[in-house]
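**Student:** Pasting protein_35.txt below, which is compact mmCIF, C-alpha atoms.
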```
# COMPACT_ATOMS: atom_id res chain seq x y z
CA MET A 936 1.25 -10.94 -10.48
CA SER A 937 1.39 -9.07 -7.20
CA ILE A 938 3.15 -5.71 -7.19
CA ILE A 939 3.57 -6.09 -3.43
CA ILE A 940 5.94 -9.02 -4.07
CA TRP A 941 7.51 -7.82 -7.32
CA ILE A 942 8.62 -4.40 -6.10
CA PRO A 943 10.51 -5.48 -2.94
CA ALA A 944 12.09 -8.47 -4.70
CA LEU A 945 13.20 -6.51 -7.76
CA ILE A 946 14.39 -3.48 -5.78
CA SER A 947 16.38 -5.76 -3.47
CA TRP A 948 18.10 -7.51 -6.38
CA ILE A 949 18.77 -4.26 -8.23
CA ALA A 950 20.30 -2.86 -5.01
CA ILE A 951 22.36 -6.04 -4.47
CA ILE A 952 23.72 -5.96 -8.05
CA GLU A 953 24.28 -2.19 -8.06
CA GLY A 954 25.97 -2.09 -4.66
CA TRP A 955 27.70 -5.48 -4.75
CA LYS A 956 31.15 -4.08 -3.91
CA TYR A 957 29.79 -2.39 -0.77
CA LEU A 958 28.09 -5.54 0.56
CA PRO A 959 29.65 -7.78 3.25
CA LYS A 960 31.82 -10.66 2.04
CA SER A 961 31.45 -12.96 5.06
CA ILE A 962 28.54 -14.71 6.78
CA SER A 963 29.07 -12.74 9.98
CA GLY A 964 29.16 -9.56 7.90
CA TRP A 965 25.85 -10.47 6.28
CA TYR A 966 24.39 -11.29 9.67
CA GLY A 967 25.35 -7.83 10.94
CA PHE A 968 24.01 -6.25 7.75
CA VAL A 969 20.61 -7.94 8.07
CA LYS A 970 20.56 -7.22 11.81
CA GLY A 971 21.08 -3.54 11.04
CA ALA A 972 18.00 -3.57 8.81
CA ALA A 973 15.84 -3.92 11.93
CA SER A 974 15.80 -0.15 12.40
CA ARG A 975 13.88 0.15 9.12
CA TYR A 976 11.12 -2.04 10.54
CA VAL A 977 10.72 -0.34 13.90
CA ILE A 978 7.91 1.97 12.87
CA VAL A 979 7.14 0.94 9.30
CA GLY A 980 6.80 -2.80 9.94
CA ALA A 981 4.32 -2.39 12.77
CA THR A 982 2.42 0.51 11.24
CA ILE A 983 1.86 -1.21 7.91
CA PHE A 984 0.84 -4.42 9.70
CA PHE A 985 -1.73 -2.74 11.95
CA ALA A 986 -2.86 -0.31 9.25
CA MET A 987 -3.61 -3.14 6.85
CA GLY A 988 -5.41 -4.94 9.67
CA ALA A 989 -7.45 -1.84 10.51
CA GLY A 990 -8.30 -1.36 6.83
CA ASP A 991 -9.50 -4.93 6.58
CA VAL A 992 -11.61 -4.60 9.74
CA LEU A 993 -13.24 -1.39 8.45
CA THR A 994 -14.04 -3.11 5.17
CA ARG A 995 -15.48 -6.17 6.94
CA LEU A 996 -17.58 -3.90 9.15
CA GLY A 997 -19.16 -2.51 5.97
CA LEU A 998 -17.72 1.01 5.83
CA PRO A 999 -18.28 1.45 2.05
CA GLU A 1000 -21.89 0.21 2.26
CA ASP A 1001 -22.71 2.39 5.29
CA ILE A 1002 -21.32 5.58 3.75
CA LEU A 1003 -23.01 4.75 0.47
CA ALA A 1004 -26.40 4.29 2.15
CA ILE A 1005 -26.08 7.68 3.86
CA MET A 1006 -25.05 9.39 0.62
CA LEU A 1007 -27.90 7.90 -1.43
CA SER A 1008 -30.47 9.01 1.13
CA LEU A 1009 -29.51 12.64 0.54
CA HIS A 1010 -31.22 14.94 -1.96
CA VAL A 1011 -28.72 17.69 -2.68
CA THR A 1012 -27.52 20.12 -5.34
CA THR A 1013 -25.01 19.21 -8.07
CA TRP A 1014 -21.95 20.73 -6.46
CA LEU A 1015 -22.79 19.22 -3.07
CA MET A 1016 -23.45 15.76 -4.55
CA VAL A 1017 -20.16 15.94 -6.50
CA THR A 1018 -18.33 16.99 -3.34
CA LEU A 1019 -19.96 14.23 -1.27
CA VAL A 1020 -19.15 11.59 -3.88
CA GLY A 1021 -15.55 12.86 -4.00
CA VAL A 1022 -15.21 12.73 -0.22
CA LEU A 1023 -16.86 9.30 -0.18
CA VAL A 1024 -14.45 7.83 -2.73
CA CYS A 1025 -11.43 9.37 -0.96
CA VAL A 1026 -12.61 8.17 2.49
CA VAL A 1027 -13.33 4.65 1.24
CA GLY A 1028 -9.93 4.73 -0.50
CA GLY A 1029 -8.29 5.12 2.91
CA PRO A 1030 -8.62 1.54 4.10
CA LEU A 1031 -8.98 0.05 0.60
CA THR A 1032 -6.78 -0.10 -2.47
CA SER A 1033 -7.81 1.94 -5.53
CA THR A 1034 -9.07 -1.21 -7.27
CA ALA A 1035 -11.14 -2.24 -4.26
CA THR A 1036 -12.42 1.33 -3.87
CA VAL A 1037 -13.66 1.50 -7.44
CA ALA A 1038 -15.15 -1.98 -7.13
CA ALA A 1039 -16.89 -1.10 -3.84
CA VAL A 1040 -18.28 2.37 -4.51
CA GLY A 1041 -17.48 3.04 -8.17
CA PRO A 1042 -20.80 1.96 -9.73
CA VAL A 1043 -23.00 3.84 -7.27
CA SER A 1044 -20.72 6.90 -7.30
CA PHE A 1045 -20.95 6.85 -11.08
CA THR A 1046 -24.76 6.64 -10.94
CA ALA A 1047 -24.89 9.45 -8.36
CA LEU A 1048 -22.75 11.72 -10.55
CA ILE A 1049 -24.77 10.92 -13.67
CA SER A 1050 -27.99 11.66 -11.78
CA VAL A 1051 -26.89 15.24 -11.14
CA GLY A 1052 -25.90 15.85 -14.77
CA VAL A 1053 -22.22 14.95 -14.90
CA ALA A 1054 -21.26 13.48 -18.32
CA ALA A 1055 -20.44 9.74 -18.23
CA PRO A 1056 -16.77 10.03 -19.36
CA THR A 1057 -16.22 12.87 -16.90
CA ALA A 1058 -17.81 10.88 -14.07
CA ALA A 1059 -15.56 7.91 -14.82
CA ALA A 1060 -12.48 10.16 -14.97
CA VAL A 1061 -13.14 11.91 -11.66
CA ILE A 1062 -13.88 8.65 -9.83
CA LEU A 1063 -10.51 7.34 -11.01
CA ILE A 1064 -8.80 10.59 -9.92
CA TRP A 1065 -10.34 10.35 -6.44
CA ALA A 1066 -9.66 6.62 -6.10
CA ALA A 1067 -6.02 7.22 -7.07
CA THR A 1068 -5.51 9.19 -3.84
CA GLU A 1069 -5.63 5.93 -1.83
CA GLY A 1070 -1.84 5.81 -1.70
CA ALA A 1071 -1.75 9.09 0.22
CA SER A 1072 -4.51 8.43 2.72
CA PRO A 1073 -4.18 6.36 5.89
CA PRO A 1074 -4.47 3.70 7.10
CA ASN A 1075 -3.78 1.60 4.00
CA SER A 1076 -1.20 3.62 2.09
CA ALA A 1077 1.60 1.32 0.93
CA PRO A 1078 3.58 4.05 -0.96
CA ILE A 1079 3.98 6.08 2.23
CA PHE A 1080 5.17 3.06 4.17
CA ILE A 1081 7.63 2.05 1.46
CA ALA A 1082 9.01 5.60 1.11
CA SER A 1083 9.26 5.97 4.89
CA GLY A 1084 11.04 2.63 5.12
CA ILE A 1085 13.62 3.75 2.55
CA ALA A 1086 14.11 7.10 4.32
CA ASN A 1087 14.00 5.49 7.80
CA THR A 1088 11.35 7.96 8.95
CA ASP A 1089 8.04 7.68 10.78
CA PRO A 1090 5.23 7.13 8.21
CA ALA A 1091 2.60 8.47 10.63
CA LYS A 1092 4.21 11.91 10.31
CA ALA A 1093 3.83 11.80 6.53
CA PHE A 1094 0.08 11.22 6.65
CA VAL A 1095 -1.02 14.80 7.34
CA PRO A 1096 1.32 16.47 4.77
CA CYS A 1097 0.34 13.86 2.16
CA MET A 1098 -3.33 14.52 2.79
CA ILE A 1099 -2.95 18.32 2.75
CA TYR A 1100 -0.64 18.56 -0.28
CA TYR A 1101 -1.91 15.62 -2.34
CA LEU A 1102 -5.27 14.19 -1.29
CA VAL A 1103 -7.16 17.47 -0.72
CA PRO A 1104 -5.90 19.16 -3.93
CA PHE A 1105 -6.81 16.08 -5.98
CA LEU A 1106 -10.22 15.99 -4.32
CA PHE A 1107 -10.79 19.57 -5.46
CA ILE A 1108 -9.35 18.93 -8.93
CA GLY A 1109 -11.89 16.11 -9.32
CA ILE A 1110 -14.71 18.35 -8.10
CA LEU A 1111 -13.71 21.13 -10.50
CA ILE A 1112 -13.58 18.66 -13.40
CA ALA A 1113 -16.99 17.22 -12.51
CA LEU A 1114 -18.45 20.74 -12.32
CA ARG A 1115 -16.91 21.52 -15.77
CA ILE A 1116 -14.77 24.30 -14.32
CA LEU A 1117 -11.64 22.38 -15.32
CA PRO A 1118 -11.84 20.88 -18.81
CA ILE A 1119 -10.93 17.31 -19.81
CA VAL A 1120 -10.32 15.95 -23.30
CA VAL A 1121 -12.23 12.81 -24.25
CA LEU A 1122 -10.65 11.02 -27.22
CA MET B 1496 17.24 -11.37 28.20
CA GLU B 1497 20.35 -11.88 26.08
CA ILE B 1498 18.99 -15.17 24.76
CA PHE B 1499 15.73 -13.43 23.90
CA LYS B 1500 17.58 -10.66 22.06
CA LYS B 1501 19.72 -13.16 20.18
CA THR B 1502 16.65 -15.23 19.25
CA LEU B 1503 14.89 -12.12 17.98
CA GLN B 1504 17.88 -11.19 15.82
CA VAL B 1505 18.25 -14.70 14.40
CA LEU B 1506 14.51 -15.01 13.64
CA PHE B 1507 14.53 -11.56 12.07
CA GLY B 1508 17.50 -12.52 9.89
CA ILE B 1509 15.79 -15.75 8.84
CA GLY B 1510 12.64 -13.76 8.07
CA VAL B 1511 14.44 -11.22 5.87
CA VAL B 1512 16.37 -13.89 3.97
CA SER B 1513 13.34 -16.16 3.49
CA LEU B 1514 11.27 -13.19 2.36
CA LEU B 1515 13.86 -12.29 -0.25
CA LEU B 1516 14.23 -15.91 -1.39
CA ILE B 1517 10.48 -16.57 -1.67
CA GLY B 1518 9.99 -13.24 -3.46
CA THR B 1519 12.82 -14.05 -5.85
CA ILE B 1520 11.37 -17.48 -6.65
CA ILE B 1521 7.94 -15.97 -7.34
CA VAL B 1522 9.33 -13.15 -9.50
CA ALA B 1523 11.66 -15.48 -11.43
CA ALA B 1524 8.90 -18.02 -12.06
CA GLN B 1525 6.42 -15.35 -13.15
CA LEU B 1526 9.01 -13.70 -15.37
CA TYR B 1527 9.67 -17.07 -17.01
CA ALA B 1528 5.91 -17.62 -17.32
CA LEU B 1529 5.61 -14.19 -18.93
CA PHE B 1530 8.14 -14.99 -21.64
CA THR B 1531 6.82 -18.50 -22.25
CA LEU B 1532 3.19 -17.30 -22.12
CA ASP B 1533 2.51 -19.88 -19.40
CA GLY B 1534 -0.38 -18.34 -17.47
CA LYS B 1535 -0.94 -21.43 -15.33
CA LEU B 1536 2.61 -21.25 -13.96
CA ALA B 1537 2.26 -17.55 -13.14
CA ILE B 1538 -0.94 -18.16 -11.18
CA SER B 1539 0.08 -21.42 -9.51
CA ILE B 1540 3.41 -20.07 -8.19
CA SER B 1541 1.60 -17.11 -6.71
CA LYS B 1542 -1.00 -19.36 -5.10
CA LYS B 1543 1.62 -21.75 -3.71
CA LEU B 1544 4.12 -19.23 -2.38
CA GLY B 1545 2.17 -15.96 -2.12
CA ASP B 1546 0.80 -16.68 1.35
CA SER B 1547 4.22 -17.82 2.58
CA ALA B 1548 5.76 -14.54 1.37
CA CYS B 1549 3.06 -12.52 3.12
CA ILE B 1550 3.41 -14.49 6.36
CA ALA B 1551 7.21 -14.12 6.26
CA ALA B 1552 6.82 -10.36 5.67
CA THR B 1553 4.33 -10.01 8.53
CA VAL B 1554 6.39 -12.00 11.02
CA THR B 1555 9.56 -10.12 10.02
CA GLY B 1556 7.78 -6.78 10.35
CA VAL B 1557 6.48 -7.60 13.82
CA LEU B 1558 9.91 -8.94 14.89
CA GLY B 1559 11.49 -5.71 13.67
CA PHE B 1560 8.93 -3.74 15.61
CA ILE B 1561 9.68 -5.69 18.81
CA GLN B 1562 13.41 -5.18 18.24
CA GLY B 1563 12.82 -1.46 18.19
CA TYR B 1564 11.70 -1.64 21.82
CA VAL B 1565 14.14 -4.32 22.95
CA PHE B 1566 17.19 -2.58 21.45
CA LYS B 1567 15.78 0.96 21.86
CA ILE B 1568 16.39 1.82 18.19
CA GLU B 1569 15.99 5.52 17.35
CA VAL B 1570 13.95 6.57 14.31
CA ARG B 1571 14.49 9.90 12.52
CA ASP B 1572 11.53 12.24 12.05
```
Would you mind giving the structure from this file in structure tokens?
**Tutor:**
Amino acid sequence: MSIIIWIPALISWIAIIEGWKYLPKSISGWYGFVKGAASRYVIVGATIFFAMGAGDVLTRLGLPEDILAIMLSLHVTTWLMVTLVGVLVCVVGGPLTSTATVAAVGPVSFTALISVGVAAPTAAAVILIWAATEGASPPNSAPIFIASGIANTDPAKAFVPCMIYYLVPFLFIGILIALRILPIVVL
Amino acid sequence: MEIFKKTLQVLFGIGVVSLLLIGTIIVAAQLYALFTLDGKLAISISKKLGDSACIAATVTGVLGFIQGYVFKIEVRD
């Protein structure tokens, strides 16, 4: 089941049912209504299309593998390795989804964290925290595009605030957890 | 130019409607499959119509983007 199909379809039907009395009652009215929806696609439609394309190209060019090779060739201290792994996961999460990010760099990131003394449950938790920032990092960030489409705003202008107020803080939260400065509870 | 504009609008309208219809068919079929525990139906409907939904969404998105230039639609910041 694809959330990409479920969310638009369900939201559309919920909106149609909820706002039925406000909807046009004639074919020409519906035509004008759909025609008016074009403004929502002006920026979002093209940006999401090209962003997804760019994300796919970066993946096909081997971005995760290249960054991973560079990272594994380094011999660094614990805090620097944790920071590098965090940045790696967040950067790879840009063009990829969180699932693809974990699949691409999760195992090696996990090994890298374990090798510098991070506990296994903590390593798994911080990788998930970093991978979960993919929705706030360009180019492949569907939540930003969807929210911008609803608000009829330019998604490109949301990228920097999302990265400053969401991605960077979560990167640091993950680092602090991995360095045992912030505690986590393992059940 | 007017014919081009009209064609764009009509194709965009067809795209939006077909996108909603295909999405609805997929969601309805998968919802039914969920309640009847029919995994094969859930997967097959997605395989059969998933690509069509994505193509319709892509074409509609690009048509909307072109309309933005053709009709000089303003976007809020």
**Student:** For Pro943 (chain A), which of B:Val1505, B:Ile1550, B:Leu1515, B:Ile1538 is the closest residue, counting all atoms listed in the file?
**Tutor:** B:Leu1515
**Student:** Have a look at CA of Gly954 (chain A) and CA of Lys970 (chain A) and let me know their distance in Å, one decimal.
**Tutor:**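 These atoms are spaced 18.1 Å apart.
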**Student:** Do you have the CA of Thr1018 (chain A)-CA of Val1037 (chain A) distance handy?
**Tutor:** 16.7 Å
**Student:** Rank nothing, just name the residue among A:Ile1085, A:Val1024, A:Val1040, A:Leu1003 nearest to chain B, using all atoms listed in the file.
**Tutor:**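 Residue with the minimum atom-to-atom distance to chain B: A:Ile1085.
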**Student:** Counting all atoms listed in the file, which residues of chain B come no farther than 6 Å from chain A, as a list in words?
**Tutor:**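 Listing them in order of chain and number gives Gly1508, Gly1518, Thr1519, Gly1556, Val1557, Gly1559, Phe1560, Gly1563, Arg1571 and Asp1572 of chain B.
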**Student:** Can you complete the atoms of region 1012-1026 of chain A to N, CA and C atoms and list them as a PDB file, in the coordinates of the input?
**Tutor:**
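Below is the file selection02.pdb, written as the result:
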```pdb
ATOM      1  N   THR A1012     -27.849  19.448  -4.076  1.00  0.00           N
ATOM      2  CA  THR A1012     -27.520  20.120  -5.340  1.00  0.00           C
ATOM      3  C   THR A1012     -26.317  19.447  -6.017  1.00  0.00           C
ATOM      4  N   THR A1013     -26.081  19.841  -7.283  1.00  0.00           N
ATOM      5  CA  THR A1013     -25.010  19.210  -8.070  1.00  0.00           C
ATOM      6  C   THR A1013     -23.654  19.317  -7.390  1.00  0.00           C
ATOM      7  N   TRP A1014     -23.295  20.559  -7.019  1.00  0.00           N
ATOM      8  CA  TRP A1014     -21.950  20.730  -6.460  1.00  0.00           C
ATOM      9  C   TRP A1014     -21.776  19.980  -5.143  1.00  0.00           C
ATOM     10  N   LEU A1015     -22.884  19.913  -4.351  1.00  0.00           N
ATOM     11  CA  LEU A1015     -22.790  19.220  -3.070  1.00  0.00           C
ATOM     12  C   LEU A1015     -22.714  17.702  -3.281  1.00  0.00           C
ATOM     13  N   MET A1016     -23.489  17.196  -4.249  1.00  0.00           N
ATOM     14  CA  MET A1016     -23.450  15.760  -4.550  1.00  0.00           C
ATOM     15  C   MET A1016     -22.061  15.370  -5.063  1.00  0.00           C
ATOM     16  N   VAL A1017     -21.502  16.215  -5.965  1.00  0.00           N
ATOM     17  CA  VAL A1017     -20.160  15.940  -6.500  1.00  0.00           C
ATOM     18  C   VAL A1017     -19.144  15.930  -5.359  1.00  0.00           C
ATOM     19  N   THR A1018     -19.262  16.910  -4.469  1.00  0.00           N
ATOM     20  CA  THR A1018     -18.330  16.990  -3.340  1.00  0.00           C
ATOM     21  C   THR A1018     -18.477  15.764  -2.425  1.00  0.00           C
ATOM     22  N   LEU A1019     -19.724  15.386  -2.140  1.00  0.00           N
ATOM     23  CA  LEU A1019     -19.960  14.230  -1.270  1.00  0.00           C
ATOM     24  C   LEU A1019     -19.424  12.943  -1.884  1.00  0.00           C
ATOM     25  N   VAL A1020     -19.651  12.797  -3.200  1.00  0.00           N
ATOM     26  CA  VAL A1020     -19.150  11.590  -3.880  1.00  0.00           C
ATOM     27  C   VAL A1020     -17.613  11.575  -3.829  1.00  0.00           C
ATOM     28  N   GLY A1021     -17.017  12.750  -4.054  1.00  0.00           N
ATOM     29  CA  GLY A1021     -15.550  12.860  -4.000  1.00  0.00           C
ATOM     30  C   GLY A1021     -15.010  12.491  -2.634  1.00  0.00           C
ATOM     31  N   VAL A1022     -15.639  13.033  -1.599  1.00  0.00           N
ATOM     32  CA  VAL A1022     -15.210  12.730  -0.220  1.00  0.00           C
ATOM     33  C   VAL A1022     -15.421  11.245   0.065  1.00  0.00           C
ATOM     34  N   LEU A1023     -16.566  10.713  -0.390  1.00  0.00           N
ATOM     35  CA  LEU A1023     -16.860   9.300  -0.180  1.00  0.00           C
ATOM     36  C   LEU A1023     -15.778   8.415  -0.787  1.00  0.00           C
ATOM     37  N   VAL A1024     -15.448   8.666  -2.053  1.00  0.00           N
ATOM     38  CA  VAL A1024     -14.450   7.830  -2.730  1.00  0.00           C
ATOM     39  C   VAL A1024     -13.094   7.954  -2.023  1.00  0.00           C
ATOM     40  N   CYS A1025     -12.725   9.174  -1.636  1.00  0.00           N
ATOM     41  CA  CYS A1025     -11.430   9.370  -0.960  1.00  0.00           C
ATOM     42  C   CYS A1025     -11.422   8.699   0.420  1.00  0.00           C
ATOM     43  N   VAL A1026     -12.538   8.784   1.147  1.00  0.00           N
ATOM     44  CA  VAL A1026     -12.610   8.170   2.490  1.00  0.00           C
ATOM     45  C   VAL A1026     -12.554   6.650   2.377  1.00  0.00           C
TER      46      VAL A1026
END
```
